[in-house]
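**Student:** Handing you this structure, nothing more for now.
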Amino acid sequence: MATLKLNVNATTRTVELDDPATPLLYILRNDLGLTGTRFGCGLAQCGACTVLVDGRATRSCVTPGSTVQGRAVTTIEGLGSPERPDPVEAAFIAEQAAQCGYCTAGMVVTARALLQQNPRPNESQVREALAGNLCRCGGHGRIIRAVLCAATAGGR
């Protein structure tokens, strides 16, 4: 049994795990009840499981929980609230950049990481940053517009 202390969404959380190599995704969803982060492929290829670790977009499905101790983990639940959405979330809403919504959390979190590193990306940079996030519904046009809109609105 391993005890992990994690800083998730600016709150210290303690979890007991049988295996410290348990993927962060499972800890977030099963142990902490943060279900906004999705399981997609389990191979770090689709982006549905993306969270921020120390501000960097990270695929939680392949990140052992033990590797994030002492680091800041931010999930989609930690970005904004219904009353005060993160600027990227607000832009996704305004641009109607979701269809089924399965990929949305990963897209928003990845876009947030991009805008923290580059507050004024051009379309090519947005496309490159989101290239590893898959959307089966074909909403990429609206998603790209939403990220550019968030950048224009000062979505830092």
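Simple scheme: letters A, B, ... for chains in structure tokens order, numbers from 1 for residues in each chain, numbers from 1 for ligands in the order shown.
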What's the 12 Å shell around Gly132 of chain A, counting only C-alpha atoms, without same-chain residues fewer than 5 positions away, as a list of chain:residue names?
**Tutor:** A:Leu43, A:Ala44, A:Gln45, A:Cys46, A:Gly47, A:Ala48, A:Cys49, A:Thr50, A:Ala57, A:Thr58, A:Arg59, A:Cys103, A:Gly106, A:Met107, A:Thr110, A:Ala111, A:Val126, A:Arg127, A:His140
**Student:** Using only C-alpha atoms, which residues sit within 10 Å of Pro23 of chain A once same-chain residues fewer than 2 positions away are excluded, as a list in words?
**Tutor:**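 The contact residues come out as Asp19, Pro20, Ala21, Leu25, Tyr26, Ile27, Leu28, Gly42, Arg59, Ser60, Cys61, Val62, Thr63, Pro64, Gly65, Ser66 and Thr67 of chain A.
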**Student:** Could you go through segment 16-153 of chain A and tell me which residues DSSP, when run on the backbone, assigns to alpha helix (DSSP H), listing them as a ChimeraX atom specification?
**Tutor:** /A:24-26,87-94,104-117,123-130,140-152
**Student:** Of the candidates A:Ala105, A:Ala97, A:Ala131, A:Leu114, which one gets nearest to Ile143 of chain A if we count only C-alpha atoms?
**Tutor:** A:Ala97
**Student:** For atom CA of Val53 of chain A and atom CA of Glu77 of chain A, quote the distance in Å rounded to one decimal.
**Tutor:** 13.9 Å
**Student:** Measuring between only C-alpha atoms, which one of A:Asp54, A:Glu95, A:Asp31, A:Glu128 shows the shortest distance to Leu17 of chain A?
**Tutor:**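 Answer, going by the shortest atom-to-atom distance: A:Asp31.
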**Student:** Excluding Ala98 of chain A and any residue of its chain fewer than 4 positions from it, enumerate the residues within 12 Å of it, using only C-alpha atoms, and give them as a PDB file with N, CA and C atoms, in the first residue's frame.
**Tutor:**
```
ATOM      1  N   GLU A  89     -12.771  28.252 -21.481  1.00  0.00           N
ATOM      2  CA  GLU A  89     -14.104  27.638 -21.359  1.00  0.00           C
ATOM      3  C   GLU A  89     -15.172  28.579 -21.908  1.00  0.00           C
ATOM      4  N   ALA A  91     -14.851  30.879 -24.158  1.00  0.00           N
ATOM      5  CA  ALA A  91     -14.747  30.933 -25.624  1.00  0.00           C
ATOM      6  C   ALA A  91     -15.324  29.670 -26.255  1.00  0.00           C
ATOM      7  N   PHE A  92     -15.099  28.512 -25.644  1.00  0.00           N
ATOM      8  CA  PHE A  92     -15.685  27.268 -26.164  1.00  0.00           C
ATOM      9  C   PHE A  92     -17.210  27.359 -26.129  1.00  0.00           C
ATOM     10  N   ILE A  93     -17.747  27.938 -25.082  1.00  0.00           N
ATOM     11  CA  ILE A  93     -19.202  28.101 -24.983  1.00  0.00           C
ATOM     12  C   ILE A  93     -19.690  29.067 -26.060  1.00  0.00           C
ATOM     13  N   ALA A  94     -19.030  30.204 -26.180  1.00  0.00           N
ATOM     14  CA  ALA A  94     -19.448  31.229 -27.150  1.00  0.00           C
ATOM     15  C   ALA A  94     -19.372  30.722 -28.579  1.00  0.00           C
ATOM     16  N   TYR A 102     -17.024  14.744 -25.484  1.00  0.00           N
ATOM     17  CA  TYR A 102     -16.088  13.803 -24.886  1.00  0.00           C
ATOM     18  C   TYR A 102     -14.655  14.331 -24.889  1.00  0.00           C
ATOM     19  N   CYS A 103     -14.236  14.968 -25.957  1.00  0.00           N
ATOM     20  CA  CYS A 103     -12.864  15.468 -26.069  1.00  0.00           C
ATOM     21  C   CYS A 103     -12.687  16.846 -25.448  1.00  0.00           C
ATOM     22  N   THR A 104     -13.774  17.512 -25.108  1.00  0.00           N
ATOM     23  CA  THR A 104     -13.732  18.931 -24.761  1.00  0.00           C
ATOM     24  C   THR A 104     -12.802  19.246 -23.599  1.00  0.00           C
ATOM     25  N   ALA A 105     -12.857  18.487 -22.530  1.00  0.00           N
ATOM     26  CA  ALA A 105     -12.002  18.780 -21.378  1.00  0.00           C
ATOM     27  C   ALA A 105     -10.526  18.756 -21.773  1.00  0.00           C
ATOM     28  N   GLY A 106     -10.127  17.744 -22.512  1.00  0.00           N
ATOM     29  CA  GLY A 106      -8.737  17.660 -22.956  1.00  0.00           C
ATOM     30  C   GLY A 106      -8.351  18.793 -23.879  1.00  0.00           C
ATOM     31  N   MET A 107      -9.267  19.190 -24.759  1.00  0.00           N
ATOM     32  CA  MET A 107      -9.016  20.310 -25.667  1.00  0.00           C
ATOM     33  C   MET A 107      -8.847  21.613 -24.878  1.00  0.00           C
ATOM     34  N   VAL A 108      -9.753  21.848 -23.922  1.00  0.00           N
ATOM     35  CA  VAL A 108      -9.708  23.074 -23.128  1.00  0.00           C
ATOM     36  C   VAL A 108      -8.420  23.136 -22.310  1.00  0.00           C
ATOM     37  N   CYS A 135     -10.849  14.720 -32.091  1.00  0.00           N
ATOM     38  CA  CYS A 135     -12.282  14.977 -31.982  1.00  0.00           C
ATOM     39  C   CYS A 135     -12.958  14.182 -33.100  1.00  0.00           C
ATOM     40  N   ARG A 136     -13.683  13.160 -32.720  1.00  0.00           N
ATOM     41  CA  ARG A 136     -14.347  12.306 -33.715  1.00  0.00           C
ATOM     42  C   ARG A 136     -15.548  13.003 -34.351  1.00  0.00           C
ATOM     43  N   CYS A 137     -16.074  14.030 -33.704  1.00  0.00           N
ATOM     44  CA  CYS A 137     -17.257  14.715 -34.224  1.00  0.00           C
ATOM     45  C   CYS A 137     -16.924  15.722 -35.312  1.00  0.00           C
ATOM     46  N   GLY A 138     -15.663  16.066 -35.452  1.00  0.00           N
ATOM     47  CA  GLY A 138     -15.270  17.027 -36.480  1.00  0.00           C
ATOM     48  C   GLY A 138     -15.442  18.470 -36.069  1.00  0.00           C
ATOM     49  N   GLY A 139     -15.336  18.754 -34.793  1.00  0.00           N
ATOM     50  CA  GLY A 139     -15.517  20.120 -34.307  1.00  0.00           C
ATOM     51  C   GLY A 139     -14.263  20.969 -34.312  1.00  0.00           C
ATOM     52  N   HIS A 140     -13.216  20.533 -34.999  1.00  0.00           N
ATOM     53  CA  HIS A 140     -11.942  21.250 -34.937  1.00  0.00           C
ATOM     54  C   HIS A 140     -12.029  22.702 -35.394  1.00  0.00           C
ATOM     55  N   GLY A 141     -12.827  23.005 -36.382  1.00  0.00           N
ATOM     56  CA  GLY A 141     -12.954  24.390 -36.851  1.00  0.00           C
ATOM     57  C   GLY A 141     -13.425  25.306 -35.739  1.00  0.00           C
ATOM     58  N   ARG A 142     -14.465  24.912 -35.055  1.00  0.00           N
ATOM     59  CA  ARG A 142     -14.987  25.713 -33.948  1.00  0.00           C
ATOM     60  C   ARG A 142     -14.013  25.738 -32.777  1.00  0.00           C
ATOM     61  N   ILE A 143     -13.339  24.634 -32.563  1.00  0.00           N
ATOM     62  CA  ILE A 143     -12.368  24.562 -31.458  1.00  0.00           C
ATOM     63  C   ILE A 143     -11.220  25.531 -31.721  1.00  0.00           C
ATOM     64  N   ILE A 144     -10.695  25.539 -32.924  1.00  0.00           N
ATOM     65  CA  ILE A 144      -9.613  26.465 -33.285  1.00  0.00           C
ATOM     66  C   ILE A 144     -10.088  27.900 -33.107  1.00  0.00           C
ATOM     67  N   ARG A 145     -11.294  28.207 -33.592  1.00  0.00           N
ATOM     68  CA  ARG A 145     -11.851  29.565 -33.431  1.00  0.00           C
ATOM     69  C   ARG A 145     -11.984  29.932 -31.964  1.00  0.00           C
ATOM     70  N   ALA A 146     -12.406  28.993 -31.142  1.00  0.00           N
ATOM     71  CA  ALA A 146     -12.578  29.267 -29.722  1.00  0.00           C
ATOM     72  C   ALA A 146     -11.247  29.619 -29.063  1.00  0.00           C
TER      73      ALA A 146
END
```
**Student:** When you draw a straight line from atom CA of Leu4 of chain A to atom CA of Gln117 of chain A, how long is it in Å?
**Tutor:**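 Straight-line distance from atom CA of Leu4 of chain A to atom CA of Gln117 of chain A works out to 28.9 Å.
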